[in-house]
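Engineer: Structure supplied as protein_37.cif; contents: mmCIF, C-alpha atoms.
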data_start
loop_
_atom_site.label_atom_id
_atom_site.label_comp_id
_atom_site.auth_asym_id
_atom_site.auth_seq_id
_atom_site.Cartn_x
_atom_site.Cartn_y
_atom_site.Cartn_z
CA MET A 1 -38.05 -30.86 -73.46
CA VAL A 2 -35.81 -28.55 -71.43
CA ARG A 3 -32.83 -30.24 -69.74
CA MET A 4 -33.14 -29.68 -65.99
CA ILE A 5 -30.06 -29.50 -63.74
CA PRO A 6 -30.51 -31.10 -61.30
CA ALA A 7 -33.16 -33.42 -62.72
CA TYR A 8 -35.41 -32.80 -59.68
CA PRO A 9 -36.07 -29.80 -57.38
CA ARG A 10 -33.36 -29.40 -54.77
CA GLU A 11 -34.02 -30.65 -51.26
CA GLY A 12 -35.69 -27.90 -49.27
CA ALA A 13 -37.09 -26.10 -52.33
CA ASN A 14 -40.21 -24.19 -51.39
CA ALA A 15 -43.59 -24.66 -53.08
CA SER A 16 -43.09 -21.70 -55.42
CA GLU A 17 -39.73 -23.02 -56.66
CA ARG A 18 -41.29 -26.44 -57.21
CA LYS A 19 -44.08 -24.81 -59.22
CA VAL A 20 -41.57 -22.99 -61.46
CA PHE A 21 -39.47 -26.16 -61.78
CA SER A 22 -42.54 -28.02 -63.06
CA ALA A 23 -43.41 -25.20 -65.48
CA LEU A 24 -39.90 -25.16 -66.95
CA GLU A 25 -39.71 -28.94 -67.07
CA GLY A 26 -42.90 -28.98 -69.14
CA ILE A 27 -41.67 -26.66 -71.90
CA GLN A 28 -41.79 -28.50 -75.22
CA GLY A 29 -39.84 -27.87 -78.41
CA HIS A 30 -36.70 -26.44 -76.82
CA ASP A 31 -34.53 -29.52 -76.38
CA ASP A 32 -31.36 -27.40 -76.51
CA TRP A 33 -32.38 -25.25 -73.52
CA VAL A 34 -30.88 -25.92 -70.09
CA ALA A 35 -32.52 -24.85 -66.82
CA ILE A 36 -30.29 -24.78 -63.74
CA HIS A 37 -32.10 -24.76 -60.41
CA SER A 38 -30.73 -23.24 -57.22
CA LEU A 39 -27.21 -22.39 -58.34
CA GLY A 40 -25.04 -21.31 -55.43
CA ILE A 41 -22.74 -18.43 -56.35
CA GLY A 42 -19.63 -18.46 -54.17
CA ARG A 43 -17.81 -15.85 -56.26
CA HIS A 44 -20.62 -13.33 -56.16
CA ALA A 45 -20.01 -9.87 -57.65
CA SER A 46 -21.69 -7.86 -54.89
CA ALA A 47 -22.14 -10.12 -51.86
CA PHE A 48 -20.21 -12.68 -49.87
CA ARG A 49 -22.35 -15.42 -51.37
CA GLY A 50 -25.45 -15.59 -53.52
CA GLU A 51 -27.86 -17.93 -55.23
CA ALA A 52 -29.88 -17.90 -58.42
CA ASP A 53 -33.23 -19.68 -58.16
CA PHE A 54 -33.19 -20.54 -61.88
CA ILE A 55 -30.92 -19.85 -64.84
CA ILE A 56 -32.16 -20.65 -68.33
CA LEU A 57 -29.55 -21.09 -71.06
CA ALA A 58 -31.12 -20.70 -74.50
CA PRO A 59 -28.39 -21.21 -77.14
CA GLY A 60 -28.34 -18.49 -79.76
CA GLN A 61 -30.86 -16.43 -77.77
CA GLY A 62 -29.34 -15.63 -74.39
CA ILE A 63 -29.60 -16.34 -70.69
CA LEU A 64 -32.47 -15.67 -68.29
CA VAL A 65 -31.95 -15.41 -64.52
CA ILE A 66 -35.12 -15.95 -62.48
CA GLU A 67 -35.84 -15.02 -58.86
CA VAL A 68 -38.93 -16.81 -57.52
CA LYS A 69 -41.12 -15.18 -54.87
CA SER A 70 -44.52 -16.07 -53.40
CA PRO A 71 -45.92 -12.99 -51.66
CA ALA A 72 -49.58 -12.28 -50.97
CA TYR A 73 -49.25 -8.76 -52.43
CA VAL A 74 -46.46 -6.69 -54.04
CA GLU A 75 -45.99 -2.95 -54.09
CA TYR A 76 -43.25 -1.12 -55.97
CA LYS A 77 -42.63 2.61 -55.68
CA GLY A 78 -39.55 4.45 -56.94
CA GLY A 79 -37.08 1.65 -56.25
CA ASP A 80 -38.63 0.48 -53.00
CA TRP A 81 -40.28 -2.94 -52.84
CA TYR A 82 -42.78 -4.36 -50.40
CA LEU A 83 -43.53 -8.08 -50.73
CA ASP A 84 -46.25 -9.02 -48.25
CA ARG A 85 -45.77 -12.24 -46.27
CA VAL A 86 -42.21 -13.09 -47.25
CA PRO A 87 -39.28 -13.33 -44.79
CA SER A 88 -37.62 -10.06 -45.95
CA PRO A 89 -40.49 -7.93 -47.32
CA HIS A 90 -38.31 -4.93 -48.29
CA LYS A 91 -35.50 -6.89 -49.93
CA ASP A 92 -35.09 -5.76 -53.53
CA PRO A 93 -35.49 -8.78 -55.84
CA LEU A 94 -33.93 -6.84 -58.73
CA LYS A 95 -30.70 -6.33 -56.74
CA GLN A 96 -30.63 -10.08 -56.11
CA LEU A 97 -31.01 -10.70 -59.84
CA ASP A 98 -28.46 -8.06 -60.83
CA GLY A 99 -25.81 -9.51 -58.52
CA ALA A 100 -26.38 -13.00 -59.88
CA ARG A 101 -26.40 -11.71 -63.45
CA ARG A 102 -23.10 -9.81 -63.03
CA SER A 103 -21.50 -12.81 -61.35
CA ILE A 104 -22.59 -15.21 -64.09
CA ARG A 105 -21.51 -12.83 -66.88
CA HIS A 106 -18.09 -12.33 -65.24
CA HIS A 107 -17.58 -16.07 -64.73
CA LEU A 108 -18.51 -16.95 -68.32
CA ARG A 109 -16.48 -14.11 -69.88
CA GLU A 110 -13.44 -15.05 -67.81
CA ARG A 111 -13.60 -18.50 -69.43
CA ASP A 112 -14.21 -17.16 -72.95
CA LEU A 113 -17.70 -18.65 -73.00
CA LEU A 114 -19.34 -15.28 -73.73
CA ALA A 115 -18.40 -12.67 -76.28
CA GLY A 116 -20.04 -10.03 -74.13
CA SER A 117 -22.92 -9.14 -76.41
CA GLU A 118 -25.20 -12.03 -75.41
CA PRO A 119 -28.27 -10.81 -73.52
CA ILE A 120 -28.70 -11.87 -69.91
CA ALA A 121 -32.25 -11.00 -68.93
CA ARG A 122 -33.85 -11.06 -65.50
CA LEU A 123 -37.29 -12.05 -64.28
CA ILE A 124 -39.01 -11.95 -60.92
CA TRP A 125 -41.60 -14.75 -61.02
CA PHE A 126 -44.38 -14.18 -58.48
CA THR A 127 -46.08 -17.58 -58.23
CA SER A 128 -48.76 -16.62 -55.71
CA ILE A 129 -50.36 -13.46 -57.08
CA GLY A 130 -52.34 -12.29 -60.06
CA ARG A 131 -51.84 -9.03 -61.96
CA HIS A 132 -54.00 -7.05 -59.55
CA GLN A 133 -51.94 -8.01 -56.50
CA PHE A 134 -48.89 -6.30 -58.05
CA GLU A 135 -49.14 -2.56 -57.62
CA ASN A 136 -46.58 -0.52 -59.52
CA LYS A 137 -46.93 2.99 -58.08
CA THR A 138 -44.23 4.41 -60.38
CA PRO A 139 -44.90 2.93 -63.82
CA GLY A 140 -42.33 3.89 -66.41
CA ASP A 141 -39.58 4.40 -63.87
CA LEU A 142 -36.10 3.64 -65.17
CA GLN A 143 -35.23 0.87 -62.72
CA PHE A 144 -37.12 -1.98 -64.36
CA PHE A 145 -39.55 -2.90 -67.08
CA GLU A 146 -42.90 -4.20 -65.86
CA TRP A 147 -42.50 -7.27 -68.10
CA GLU A 148 -39.58 -8.28 -65.85
CA ALA A 149 -42.17 -9.16 -63.19
CA GLY A 150 -44.14 -12.29 -64.04
CA VAL A 151 -47.34 -13.10 -62.19
CA GLU A 152 -49.63 -16.11 -62.20
CA ARG A 153 -52.50 -15.95 -64.62
CA ARG A 154 -55.74 -16.14 -62.67
CA PRO A 155 -59.07 -17.19 -64.19
CA GLN A 156 -61.48 -14.30 -64.71
#
Please express what this file holds, its structure, as structure tokens.
Structural biologist:
Amino acid sequence: MVRMIPAYPREGANASERKVFSALEGIQGHDDWVAIHSLGIGRHASAFRGEADFIILAPGQGILVIEVKSPAYVEYKGGDWYLDRVPSPHKDPLKQLDGARRSIRHHLRERDLLAGSEPIARLIWFTSIGRHQFENKTPGDLQFFEWEAGVERRPQ
């Protein structure tokens, strides 16, 4: 079972973060993994302050930084995002992830906890949509891989 920090969803966590917390908490066979929920980043690389919804530490494999969103529909076109029915529909979730990722890498390297070659991946986890509510109008563009956007599996 994955070790969750904290052991419960933070106070004020929205429904989508609670859903991801439960999914991570239920992973079996990875007792050495650690999932950190809602990590505040005071020494952020590109903003005054930031936050990572989830960080997964998988020893010997790498780190995954997850941004959780629950839009009704998502459209991506050439670097521009539109997330329907979220507070900031044009905010780029990849920029959020990249800032958190740079900050975490810098912090860990400064303390000699990373050699620098460990992968730190990113994932936008859309908890409220299926594959057909995510429209990538510029597939193959250099800014992200489509597998970096996770969607809920919907029954056929």
Engineer: Starting from the shown file, work through the PyMOL selection byres ((chain A and resi 29-32) around 8) and note down what comes out as a PyMOL selection string.
Structural biologist: chain A and resi 1-3+27-28+33-34+58-59
Engineer: I need the chosen residues saved as a PDB file, in the frame of the given file, with C-alpha atoms.
Structural biologist:
ATOM      1  CA  MET A   1     -38.050 -30.860 -73.460  1.00  0.00           C
ATOM      2  CA  VAL A   2     -35.810 -28.550 -71.430  1.00  0.00           C
ATOM      3  CA  ARG A   3     -32.830 -30.240 -69.740  1.00  0.00           C
ATOM      4  CA  ILE A  27     -41.670 -26.660 -71.900  1.00  0.00           C
ATOM      5  CA  GLN A  28     -41.790 -28.500 -75.220  1.00  0.00           C
ATOM      6  CA  TRP A  33     -32.380 -25.250 -73.520  1.00  0.00           C
ATOM      7  CA  VAL A  34     -30.880 -25.920 -70.090  1.00  0.00           C
ATOM      8  CA  ALA A  58     -31.120 -20.700 -74.500  1.00  0.00           C
ATOM      9  CA  PRO A  59     -28.390 -21.210 -77.140  1.00  0.00           C
TER      10      PRO A  59
END
Engineer: Point out the residue among A:Gly62, A:Gln143, A:His90, A:Leu39 with the least atom-to-atom distance to A:Ala115, counting all atoms listed in the file.
Structural biologist: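 Ranking A:Gly62, A:Gln143, A:His90, A:Leu39 by distance to A:Ala115, first place goes to A:Gly62.
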Engineer: Taking 6 positions as the minimum chain separation for residues in the same chain, which residues sit within 12 Å of A:Tyr76 when counting only C-alpha atoms? Answer as an MDAnalysis selection string.
Structural biologist: chainID A and resid 82:84 89:94 133:141 143:146 149
Engineer: Report as JSON lines: every residue of stretch 40-97 of chain A with an atom at most 7 Å from stretch 126-129 of chain A, its closest pair of atoms, and their distance in Å to one decimal, counting all atoms listed in the file, with rows sorted by chain and ascending residue number.
Structural biologist:
{"residue": "A:Val68", "atom": "CA", "partner": "A:Phe126", "partner_atom": "CA", "distance": 6.1}
{"residue": "A:Lys69", "atom": "CA", "partner": "A:Phe126", "partner_atom": "CA", "distance": 5.0}
{"residue": "A:Ser70", "atom": "CA", "partner": "A:Ser128", "partner_atom": "CA", "distance": 4.9}
{"residue": "A:Pro71", "atom": "CA", "partner": "A:Ser128", "partner_atom": "CA", "distance": 6.1}
{"residue": "A:Ala72", "atom": "CA", "partner": "A:Ile129", "partner_atom": "CA", "distance": 6.3}
{"residue": "A:Tyr73", "atom": "CA", "partner": "A:Ile129", "partner_atom": "CA", "distance": 6.7}
Engineer: Choose the residue, out of A:Ala35, A:Val151, A:Gly50, A:Gln61, that has the smallest atom-to-atom separation from A:Ile104; count all atoms listed in the file.
Structural biologist: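 Ranking A:Ala35, A:Val151, A:Gly50, A:Gln61 by distance to A:Ile104, first place goes to A:Gly50.
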Engineer: Record the distance separating atom CA of A:Lys19 and atom CA of A:His106, expressed in Å with one decimal.
Structural biologist: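 Taking atom CA of A:Lys19 and atom CA of A:His106, their separation equals 29.5 Å.
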Engineer: Could you state the separation of atom CA of A:Glu17 and atom CA of A:Ala52 in Å, given to one decimal place?
Structural biologist: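 Between atom CA of A:Glu17 and atom CA of A:Ala52 the gap works out to 11.2 Å.
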Engineer: Run the PyMOL selection byres ((chain A and resi 97) around 10) on the file and write out the hits as a VMD selection string.
Structural biologist: chain A and resid 50 to 53 64 to 67 92 to 96 98 to 103 121 to 124
Engineer: Within 12 Å of (-34.5, -28.8, -54.0), in the coordinates the file gives, what residues turn up when you count only C-alpha atoms, written out as an mmCIF file with C-alpha atoms, keeping the file's coordinate frame?
Structural biologist:
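result.cif was written with the following content:
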data_model
loop_
_atom_site.group_PDB
_atom_site.id
_atom_site.type_symbol
_atom_site.label_atom_id
_atom_site.label_comp_id
_atom_site.auth_asym_id
_atom_site.auth_seq_id
_atom_site.Cartn_x
_atom_site.Cartn_y
_atom_site.Cartn_z
ATOM 1 C CA ILE A 5 -30.060 -29.500 -63.740
ATOM 2 C CA PRO A 6 -30.510 -31.100 -61.300
ATOM 3 C CA ALA A 7 -33.160 -33.420 -62.720
ATOM 4 C CA TYR A 8 -35.410 -32.800 -59.680
ATOM 5 C CA PRO A 9 -36.070 -29.800 -57.380
ATOM 6 C CA ARG A 10 -33.360 -29.400 -54.770
ATOM 7 C CA GLU A 11 -34.020 -30.650 -51.260
ATOM 8 C CA GLY A 12 -35.690 -27.900 -49.270
ATOM 9 C CA ALA A 13 -37.090 -26.100 -52.330
ATOM 10 C CA ASN A 14 -40.210 -24.190 -51.390
ATOM 11 C CA ALA A 15 -43.590 -24.660 -53.080
ATOM 12 C CA SER A 16 -43.090 -21.700 -55.420
ATOM 13 C CA GLU A 17 -39.730 -23.020 -56.660
ATOM 14 C CA ARG A 18 -41.290 -26.440 -57.210
ATOM 15 C CA LYS A 19 -44.080 -24.810 -59.220
ATOM 16 C CA VAL A 20 -41.570 -22.990 -61.460
ATOM 17 C CA PHE A 21 -39.470 -26.160 -61.780
ATOM 18 C CA ILE A 36 -30.290 -24.780 -63.740
ATOM 19 C CA HIS A 37 -32.100 -24.760 -60.410
ATOM 20 C CA SER A 38 -30.730 -23.240 -57.220
ATOM 21 C CA LEU A 39 -27.210 -22.390 -58.340
ATOM 22 C CA ASP A 53 -33.230 -19.680 -58.160
ATOM 23 C CA PHE A 54 -33.190 -20.540 -61.880
#
Engineer: What separation in Å, quoted to one decimal, exists between atom CA of A:Leu57 and atom CA of A:Glu152?
Structural biologist: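 Result for atom CA of A:Leu57 versus atom CA of A:Glu152: 22.5 Å, one decimal.
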Engineer: Expand the PyMOL selection byres ((chain A and resi 117) around 12) into the explicit residue set it covers here, and present it as a ChimeraX atom specification.
Structural biologist: /A:60-63,105,109,113-116,118-120
Engineer: Counting all atoms listed in the file, figure out which residue out of A:Gly79, A:Pro87, A:Gly150, A:Ser22 gets nearest to A:Gly130.
Structural biologist: A:Gly150
